[in-house]
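Peer 1: Provided herewith: run04.cif, mmCIF, C-alpha atoms and all ligand atoms.
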data_structure
#
loop_
_atom_site.group_PDB
_atom_site.id
_atom_site.type_symbol
_atom_site.label_atom_id
_atom_site.label_comp_id
_atom_site.auth_asym_id
_atom_site.auth_seq_id
_atom_site.Cartn_x
_atom_site.Cartn_y
_atom_site.Cartn_z
ATOM 1 C CA MET A 8 10.910 41.692 66.849
ATOM 2 C CA ASN A 9 12.023 41.803 70.469
ATOM 3 C CA GLU A 10 15.674 40.767 70.586
ATOM 4 C CA LEU A 11 15.308 39.378 74.101
ATOM 5 C CA ALA A 12 12.412 37.052 73.332
ATOM 6 C CA GLY A 13 13.512 33.454 73.779
ATOM 7 C CA LYS A 14 16.946 34.382 75.103
ATOM 8 C CA HIS A 15 18.312 32.812 78.247
ATOM 9 C CA ILE A 16 19.960 35.384 80.488
ATOM 10 C CA VAL A 17 21.941 34.560 83.598
ATOM 11 C CA LEU A 18 21.500 37.542 85.915
ATOM 12 C CA GLY A 19 24.229 37.783 88.547
ATOM 13 C CA LEU A 20 23.917 39.968 91.624
ATOM 14 C CA SER A 21 26.948 40.924 93.691
ATOM 15 C CA GLY A 22 26.804 42.852 96.938
ATOM 16 C CA GLY A 23 25.732 46.474 96.737
ATOM 17 C CA ILE A 24 22.848 48.803 97.430
ATOM 18 C CA ALA A 25 21.837 48.671 93.768
ATOM 19 C CA CYS A 26 20.684 45.067 94.242
ATOM 20 C CA TYR A 27 17.181 46.460 94.593
ATOM 21 C CA LYS A 28 17.398 47.590 90.989
ATOM 22 C CA ALA A 29 18.161 44.030 89.901
ATOM 23 C CA ALA A 30 14.604 43.113 90.867
ATOM 24 C CA GLU A 31 13.256 45.561 88.304
ATOM 25 C CA LEU A 32 15.795 44.440 85.726
ATOM 26 C CA CYS A 33 14.773 40.828 86.242
ATOM 27 C CA ARG A 34 11.129 41.736 85.806
ATOM 28 C CA ALA A 35 11.862 43.715 82.650
ATOM 29 C CA LEU A 36 13.834 40.849 81.116
ATOM 30 C CA VAL A 37 11.061 38.372 81.848
ATOM 31 C CA LYS A 38 8.485 40.799 80.468
ATOM 32 C CA ALA A 39 10.574 41.061 77.304
ATOM 33 C CA GLY A 40 10.308 37.302 76.840
ATOM 34 C CA ALA A 41 13.694 36.180 78.181
ATOM 35 C CA THR A 42 14.145 33.367 80.654
ATOM 36 C CA VAL A 43 16.202 34.567 83.597
ATOM 37 C CA GLN A 44 18.390 32.450 85.832
ATOM 38 C CA VAL A 45 19.527 34.372 88.894
ATOM 39 C CA VAL A 46 22.871 33.752 90.608
ATOM 40 C CA MET A 47 23.702 35.690 93.772
ATOM 41 C CA THR A 48 26.820 36.149 95.852
ATOM 42 C CA GLU A 49 26.617 35.780 99.622
ATOM 43 C CA ALA A 50 26.948 39.542 99.976
ATOM 44 C CA ALA A 51 24.130 40.136 97.475
ATOM 45 C CA GLU A 52 21.852 38.126 99.746
ATOM 46 C CA GLN A 53 22.389 40.754 102.440
ATOM 47 C CA PHE A 54 20.768 43.326 100.156
ATOM 48 C CA MET A 55 18.089 41.293 98.358
ATOM 49 C CA THR A 56 16.510 37.963 99.210
ATOM 50 C CA ALA A 57 16.818 34.983 96.916
ATOM 51 C CA VAL A 58 13.101 34.427 97.505
ATOM 52 C CA THR A 59 12.262 37.739 95.843
ATOM 53 C CA MET A 60 14.489 37.023 92.863
ATOM 54 C CA GLN A 61 13.067 33.509 92.622
ATOM 55 C CA ALA A 62 9.529 34.870 92.563
ATOM 56 C CA LEU A 63 10.373 37.444 89.888
ATOM 57 C CA SER A 64 12.351 35.080 87.672
ATOM 58 C CA GLY A 65 10.130 32.053 88.219
ATOM 59 C CA ARG A 66 13.201 29.873 88.723
ATOM 60 C CA PRO A 67 15.184 28.709 91.749
ATOM 61 C CA VAL A 68 18.125 30.969 92.532
ATOM 62 C CA PHE A 69 21.686 29.631 92.661
ATOM 63 C CA THR A 70 23.930 30.957 95.424
ATOM 64 C CA SER A 71 26.553 28.274 95.961
ATOM 65 C CA GLN A 72 29.127 26.526 93.846
ATOM 66 C CA TRP A 73 28.436 23.431 95.926
ATOM 67 C CA ASP A 74 24.773 23.340 94.918
ATOM 68 C CA ALA A 75 24.396 20.138 92.889
ATOM 69 C CA ARG A 76 20.932 20.918 91.524
ATOM 70 C CA THR A 77 20.625 20.778 87.763
ATOM 71 C CA SER A 78 19.946 24.117 86.115
ATOM 72 C CA GLY A 79 18.567 22.881 82.827
ATOM 73 C CA GLY A 80 19.193 19.957 80.509
ATOM 74 C CA ALA A 81 22.644 19.024 81.784
ATOM 75 C CA ASP A 82 22.955 16.809 84.820
ATOM 76 C CA ASN A 83 26.652 16.813 85.620
ATOM 77 C CA ASN A 84 25.946 18.533 88.974
ATOM 78 C CA MET A 85 28.318 21.390 88.225
ATOM 79 C CA PRO A 86 26.315 24.616 88.215
ATOM 80 C CA HIS A 87 29.250 26.840 87.225
ATOM 81 C CA ILE A 88 29.656 24.884 83.984
ATOM 82 C CA ASN A 89 26.000 24.362 83.172
ATOM 83 C CA LEU A 90 24.791 27.859 84.025
ATOM 84 C CA SER A 91 27.386 29.554 81.836
ATOM 85 C CA ARG A 92 27.007 27.160 78.901
ATOM 86 C CA GLU A 93 23.242 27.487 78.857
ATOM 87 C CA ALA A 94 23.347 31.283 78.804
ATOM 88 C CA ASP A 95 22.956 33.512 75.778
ATOM 89 C CA ALA A 96 24.525 36.212 77.949
ATOM 90 C CA ILE A 97 25.607 36.747 81.532
ATOM 91 C CA VAL A 98 24.634 40.091 83.038
ATOM 92 C CA VAL A 99 26.098 41.052 86.407
ATOM 93 C CA ALA A 100 24.022 43.876 87.836
ATOM 94 C CA PRO A 101 25.083 45.239 90.150
ATOM 95 C CA ALA A 102 28.768 44.442 89.790
ATOM 96 C CA SER A 103 30.517 45.391 93.018
ATOM 97 C CA ALA A 104 34.046 46.787 93.108
ATOM 98 C CA ASP A 105 35.062 43.580 94.802
ATOM 99 C CA PHE A 106 33.487 41.462 92.107
ATOM 100 C CA MET A 107 35.212 43.365 89.302
ATOM 101 C CA ALA A 108 38.532 42.987 91.096
ATOM 102 C CA LYS A 109 37.945 39.265 91.217
ATOM 103 C CA LEU A 110 37.255 39.100 87.497
ATOM 104 C CA VAL A 111 40.471 40.880 86.629
ATOM 105 C CA HIS A 112 42.509 38.499 88.695
ATOM 106 C CA GLY A 113 40.675 35.397 87.538
ATOM 107 C CA ARG A 114 39.512 34.644 91.045
ATOM 108 C CA ALA A 115 36.778 32.075 91.370
ATOM 109 C CA ASP A 116 36.057 31.438 95.031
ATOM 110 C CA GLU A 117 32.263 31.514 94.788
ATOM 111 C CA LEU A 118 29.683 30.587 92.180
ATOM 112 C CA LEU A 119 29.237 33.900 90.351
ATOM 113 C CA SER A 120 32.929 34.597 89.717
ATOM 114 C CA LEU A 121 33.583 30.912 89.071
ATOM 115 C CA MET A 122 30.808 30.836 86.482
ATOM 116 C CA CYS A 123 32.164 33.957 84.753
ATOM 117 C CA LEU A 124 35.635 32.434 84.602
ATOM 118 C CA ALA A 125 34.290 29.130 83.312
ATOM 119 C CA ARG A 126 32.068 30.611 80.629
ATOM 120 C CA PRO A 127 32.811 29.985 76.949
ATOM 121 C CA ILE A 128 34.389 33.381 76.335
ATOM 122 C CA GLU A 129 33.801 33.431 72.572
ATOM 123 C CA SER A 130 30.100 32.650 72.657
ATOM 124 C CA VAL A 131 28.734 33.954 75.951
ATOM 125 C CA PRO A 132 29.072 37.716 76.389
ATOM 126 C CA LEU A 133 29.559 39.059 79.876
ATOM 127 C CA ILE A 134 27.883 42.377 80.588
ATOM 128 C CA LEU A 135 28.748 44.221 83.779
ATOM 129 C CA ALA A 136 26.871 47.056 85.414
ATOM 130 C CA PRO A 137 29.251 48.365 88.069
ATOM 131 C CA ALA A 138 27.522 50.268 90.865
ATOM 132 C CA MET A 139 29.260 51.899 93.770
ATOM 133 C CA ASN A 140 29.800 55.292 95.319
ATOM 134 C CA ARG A 141 31.958 57.945 93.727
ATOM 135 C CA GLU A 142 34.984 57.234 95.900
ATOM 136 C CA MET A 143 34.991 53.509 95.187
ATOM 137 C CA TRP A 144 34.484 54.114 91.487
ATOM 138 C CA SER A 145 37.284 56.643 91.111
ATOM 139 C CA HIS A 146 39.760 54.686 93.208
ATOM 140 C CA PRO A 147 42.755 53.671 91.073
ATOM 141 C CA ALA A 148 42.191 50.043 92.011
ATOM 142 C CA THR A 149 38.690 50.133 90.529
ATOM 143 C CA GLN A 150 39.716 52.133 87.485
ATOM 144 C CA ARG A 151 42.305 49.483 86.741
ATOM 145 C CA LYS A 152 39.634 46.834 86.566
ATOM 146 C CA PRO A 153 38.241 45.364 84.499
ATOM 147 C CA MET A 154 38.235 48.102 81.887
ATOM 148 C CA ALA A 155 41.977 48.816 81.745
ATOM 149 C CA PRO A 156 44.707 46.826 80.029
ATOM 150 C CA PRO A 157 45.264 43.930 79.903
ATOM 151 C CA CYS A 158 41.531 43.437 80.169
ATOM 152 C CA SER A 159 40.471 46.087 77.656
ATOM 153 C CA THR A 160 40.565 43.428 74.996
ATOM 154 C CA TRP A 161 37.599 41.743 76.608
ATOM 155 C CA ALA A 162 35.783 44.498 78.416
ATOM 156 C CA ARG A 163 34.667 47.935 77.405
ATOM 157 C CA ALA A 164 33.181 50.618 79.576
ATOM 158 C CA ASN A 165 30.594 53.147 78.659
ATOM 159 C CA ARG A 166 30.749 56.523 80.298
ATOM 160 C CA PRO A 167 29.489 56.222 83.875
ATOM 161 C CA VAL A 168 26.265 57.936 84.806
ATOM 162 C CA GLU A 169 25.723 59.244 88.287
ATOM 163 C CA ARG A 170 22.373 58.652 89.917
ATOM 164 C CA PRO A 171 21.202 58.842 93.503
ATOM 165 C CA VAL A 172 20.709 55.353 94.885
ATOM 166 C CA THR A 173 20.317 56.224 98.548
ATOM 167 C CA ALA A 174 19.615 59.513 100.257
ATOM 168 C CA GLU A 175 23.248 59.706 101.325
ATOM 169 C CA CYS A 176 25.204 58.884 98.230
ATOM 170 C CA SER A 177 25.002 58.771 94.521
ATOM 171 C CA SER A 178 26.344 55.886 92.588
ATOM 172 C CA PRO A 179 28.206 56.066 89.326
ATOM 173 C CA THR A 180 27.255 53.130 87.205
ATOM 174 C CA SER A 181 28.474 52.086 83.846
ATOM 175 C CA CYS A 182 28.210 49.169 81.572
ATOM 176 C CA CYS A 183 31.030 46.983 80.328
ATOM 177 C CA THR A 184 30.552 44.353 77.747
ATOM 178 C CA THR A 185 32.904 41.717 76.533
HETATM 179 C C1 LIG B 201 25.642 48.958 103.421
HETATM 180 C C2 LIG B 201 26.675 48.524 102.386
HETATM 181 C C3 LIG B 201 26.541 48.990 101.119
HETATM 182 C C4 LIG B 201 27.471 48.613 100.139
HETATM 183 N N1 LIG B 201 27.295 49.077 98.861
HETATM 184 C C5 LIG B 201 28.199 48.744 97.925
HETATM 185 C C6 LIG B 201 28.030 49.210 96.601
HETATM 186 O O1 LIG B 201 27.090 49.919 96.259
HETATM 187 N N2 LIG B 201 28.971 48.854 95.685
HETATM 188 C C7 LIG B 201 30.046 48.056 96.001
HETATM 189 O O2 LIG B 201 30.867 47.792 95.123
HETATM 190 N N3 LIG B 201 30.204 47.583 97.259
HETATM 191 C C8 LIG B 201 29.316 47.901 98.216
HETATM 192 N N4 LIG B 201 29.456 47.416 99.499
HETATM 193 C C9 LIG B 201 30.579 46.519 99.791
HETATM 194 C C10 LIG B 201 30.327 45.093 99.309
HETATM 195 O O3 LIG B 201 29.079 44.609 99.755
HETATM 196 C C11 LIG B 201 31.477 44.195 99.773
HETATM 197 O O4 LIG B 201 32.675 44.607 99.146
HETATM 198 C C12 LIG B 201 31.217 42.743 99.515
HETATM 199 O O5 LIG B 201 32.301 41.986 100.031
HETATM 200 C C13 LIG B 201 31.033 42.420 98.039
HETATM 201 O O6 LIG B 201 30.953 41.028 97.877
HETATM 202 P P1 LIG B 201 30.702 40.327 96.490
HETATM 203 O O7 LIG B 201 31.532 41.052 95.470
HETATM 204 O O8 LIG B 201 31.135 38.930 96.698
HETATM 205 O O9 LIG B 201 29.236 40.384 96.201
HETATM 206 C C14 LIG B 201 28.549 47.771 100.481
HETATM 207 C C15 LIG B 201 28.655 47.297 101.788
HETATM 208 C C16 LIG B 201 27.731 47.666 102.733
HETATM 209 C C17 LIG B 201 27.877 47.133 104.139
#
Since I need it in another form, could you write the structure as structure tokens?
Peer 2:
Amino acid sequence: MNELAGKHIVLGLSGGIACYKAAELCRALVKAGATVQVVMTEAAEQFMTAVTMQALSGRPVFTSQWDARTSGGADNNMPHINLSREADAIVVAPASADFMAKLVHGRADELLSLMCLARPIESVPLILAPAMNREMWSHPATQRKPMAPPCSTWARANRPVERPVTAECSSPTSCCTT
């Protein structure tokens, strides 16, 4: 039995070159039988169009906390609440260094970080796939977040793998789950 069949996944994209890989991830999730709701930061839209993600997911993409469209059954016009409550899991791929820093500090100045902060922490797991170049990854500021104390109680990192993303740089990526 496919564990993803019938699951509702919110797929968040923050700004990084690896946004192009989110298109394939979205396709794979849909193929596996999940419904996928895409949420993108403003920076992510520089790397991947919402139109592409909309076509692959088959659902309108959310990019703004001020967007009063309903995302599913609820009609309270608050996407950050509805999107996170409807999800079986939130996957942020790619998670930028900036986005992870926001999570650690509980910042919520746009829809994706706001939704992560507002999610029911006990029932909706948050899975991060950080992607950045070696220097950004190994910077003490990044290493502190969100895998280090005090956040280690809610996030765990697997060992990063290093893969070429562009011709110029390779990108360590890892996976943290709550
Ligand atoms: C060409 C380019 C490539 C970038 N690639 C990455 C990346 O791979 N990982 C990353 O963490 N930031 C990367 N950045 C920086 C982020 O896009 C930037 O920090 C942005 O503010 C992140 O916003 P967000 O976290 O709200 O999505 C890149 C910036 C540019 C201009």
Peer 1: For the contact check between chain A and ligand LIG 201 (chain B), emit one row per residue of chain A within 7 Å, containing the shortest atom pair and the distance in Å rounded to one decimal, counting only C-alpha atoms and all ligand atoms, chain then rising number order, as a tab-separated table.
Peer 2:
residue	atom	partner	partner_atom	distance
A:Ser21	CA	B:LIG201	O9	3.4
A:Gly22	CA	B:LIG201	O9	3.5
A:Gly23	CA	B:LIG201	C5	3.6
A:Ile24	CA	B:LIG201	O1	4.5
A:Ala25	CA	B:LIG201	O1	5.9
A:Thr48	CA	B:LIG201	O9	4.9
A:Glu49	CA	B:LIG201	O8	6.2
A:Ala50	CA	B:LIG201	O9	4.5
A:Ala51	CA	B:LIG201	O9	5.3
A:Ala102	CA	B:LIG201	O2	6.6
A:Ser103	CA	B:LIG201	O2	3.2
A:Ala104	CA	B:LIG201	O2	3.9
A:Asp105	CA	B:LIG201	O7	4.4
A:Phe106	CA	B:LIG201	O7	3.9
A:Ala138	CA	B:LIG201	N2	5.2
A:Met139	CA	B:LIG201	N2	3.6
A:Asn140	CA	B:LIG201	O1	6.1
Peer 1: Filtering to C-alpha atoms, could you give me those residues as a PDB file, in the frame of the given file?
Peer 2:
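Now in selection.pdb:
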ATOM      1  CA  SER A  21      26.948  40.924  93.691  1.00  0.00           C
ATOM      2  CA  GLY A  22      26.804  42.852  96.938  1.00  0.00           C
ATOM      3  CA  GLY A  23      25.732  46.474  96.737  1.00  0.00           C
ATOM      4  CA  ILE A  24      22.848  48.803  97.430  1.00  0.00           C
ATOM      5  CA  ALA A  25      21.837  48.671  93.768  1.00  0.00           C
ATOM      6  CA  THR A  48      26.820  36.149  95.852  1.00  0.00           C
ATOM      7  CA  GLU A  49      26.617  35.780  99.622  1.00  0.00           C
ATOM      8  CA  ALA A  50      26.948  39.542  99.976  1.00  0.00           C
ATOM      9  CA  ALA A  51      24.130  40.136  97.475  1.00  0.00           C
ATOM     10  CA  ALA A 102      28.768  44.442  89.790  1.00  0.00           C
ATOM     11  CA  SER A 103      30.517  45.391  93.018  1.00  0.00           C
ATOM     12  CA  ALA A 104      34.046  46.787  93.108  1.00  0.00           C
ATOM     13  CA  ASP A 105      35.062  43.580  94.802  1.00  0.00           C
ATOM     14  CA  PHE A 106      33.487  41.462  92.107  1.00  0.00           C
ATOM     15  CA  ALA A 138      27.522  50.268  90.865  1.00  0.00           C
ATOM     16  CA  MET A 139      29.260  51.899  93.770  1.00  0.00           C
ATOM     17  CA  ASN A 140      29.800  55.292  95.319  1.00  0.00           C
TER      18      ASN A 140
END
Peer 1: Closest to Ala57 of chain A among A:Ser145, A:Asn83, A:Thr77, A:Gln44, using all atoms listed in the file?
Peer 2: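 Residue with the minimum atom-to-atom distance to Ala57 of chain A: A:Gln44.
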Peer 1: Written as a PyMOL selection string, which residues does the PyMOL selection byres (((chain A and resi 10-12) around 12) and not hetatm) give for the file shown?
Peer 2: chain A and resi 8-9+13-16+35-43+95-96
Peer 1: To one decimal place, how far is atom CA of Gly19 of chain A from atom CA of Ala136 of chain A in Å?
Peer 2: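 Answer for the atom CA of Gly19 of chain A to atom CA of Ala136 of chain A separation: 10.1 Å.
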Peer 1: For atom CA of Phe69 of chain A and atom CA of Ala148 of chain A, quote the distance in Å rounded to one decimal.
Peer 2: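 Separation of atom CA of Phe69 of chain A and atom CA of Ala148 of chain A: 28.9 Å.
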Peer 1: If I take atom CA of Pro86 of chain A and atom CA of Arg66 of chain A, how far is one from the other in Å, to one decimal?
Peer 2: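 These atoms are spaced 14.1 Å apart.
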Peer 1: Taking all atoms of segment 104-116 of chain A that the file lists and extending 6 Å past them on each side, where is the centre of the axis-aligned box and how long are its edges? Answer in Å to one decimal, as AutoDock Vina command-line options.
Peer 2:
--center_x 38.0 --center_y 39.1 --center_z 90.8 --size_x 21.0 --size_y 27.3 --size_z 20.4
Peer 1: Care to translate the PyMOL selection byres (((chain A and resi 114-127) around 10) and not hetatm) into actual residues of this file, as a ChimeraX atom specification?
Peer 2: /A:17-21,45-49,69-74,85-94,96-99,106-113,128-133
Peer 1: Return the single residue from A:Asn84, A:Glu169, A:Gln53, A:Arg34 that is closest to Gly65 of chain A, with distances computed using only C-alpha atoms.
Peer 2: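 Ranking A:Asn84, A:Glu169, A:Gln53, A:Arg34 by distance to Gly65 of chain A, first place goes to A:Arg34.
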Peer 1: Between A:Ala100, A:Leu32, A:Cys26, A:Ile134, which one has atoms that come closest to Met55 of chain A, using only C-alpha atoms?
Peer 2: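 Of A:Ala100, A:Leu32, A:Cys26, A:Ile134, the one nearest Met55 of chain A, counting only C-alpha atoms, is A:Cys26.
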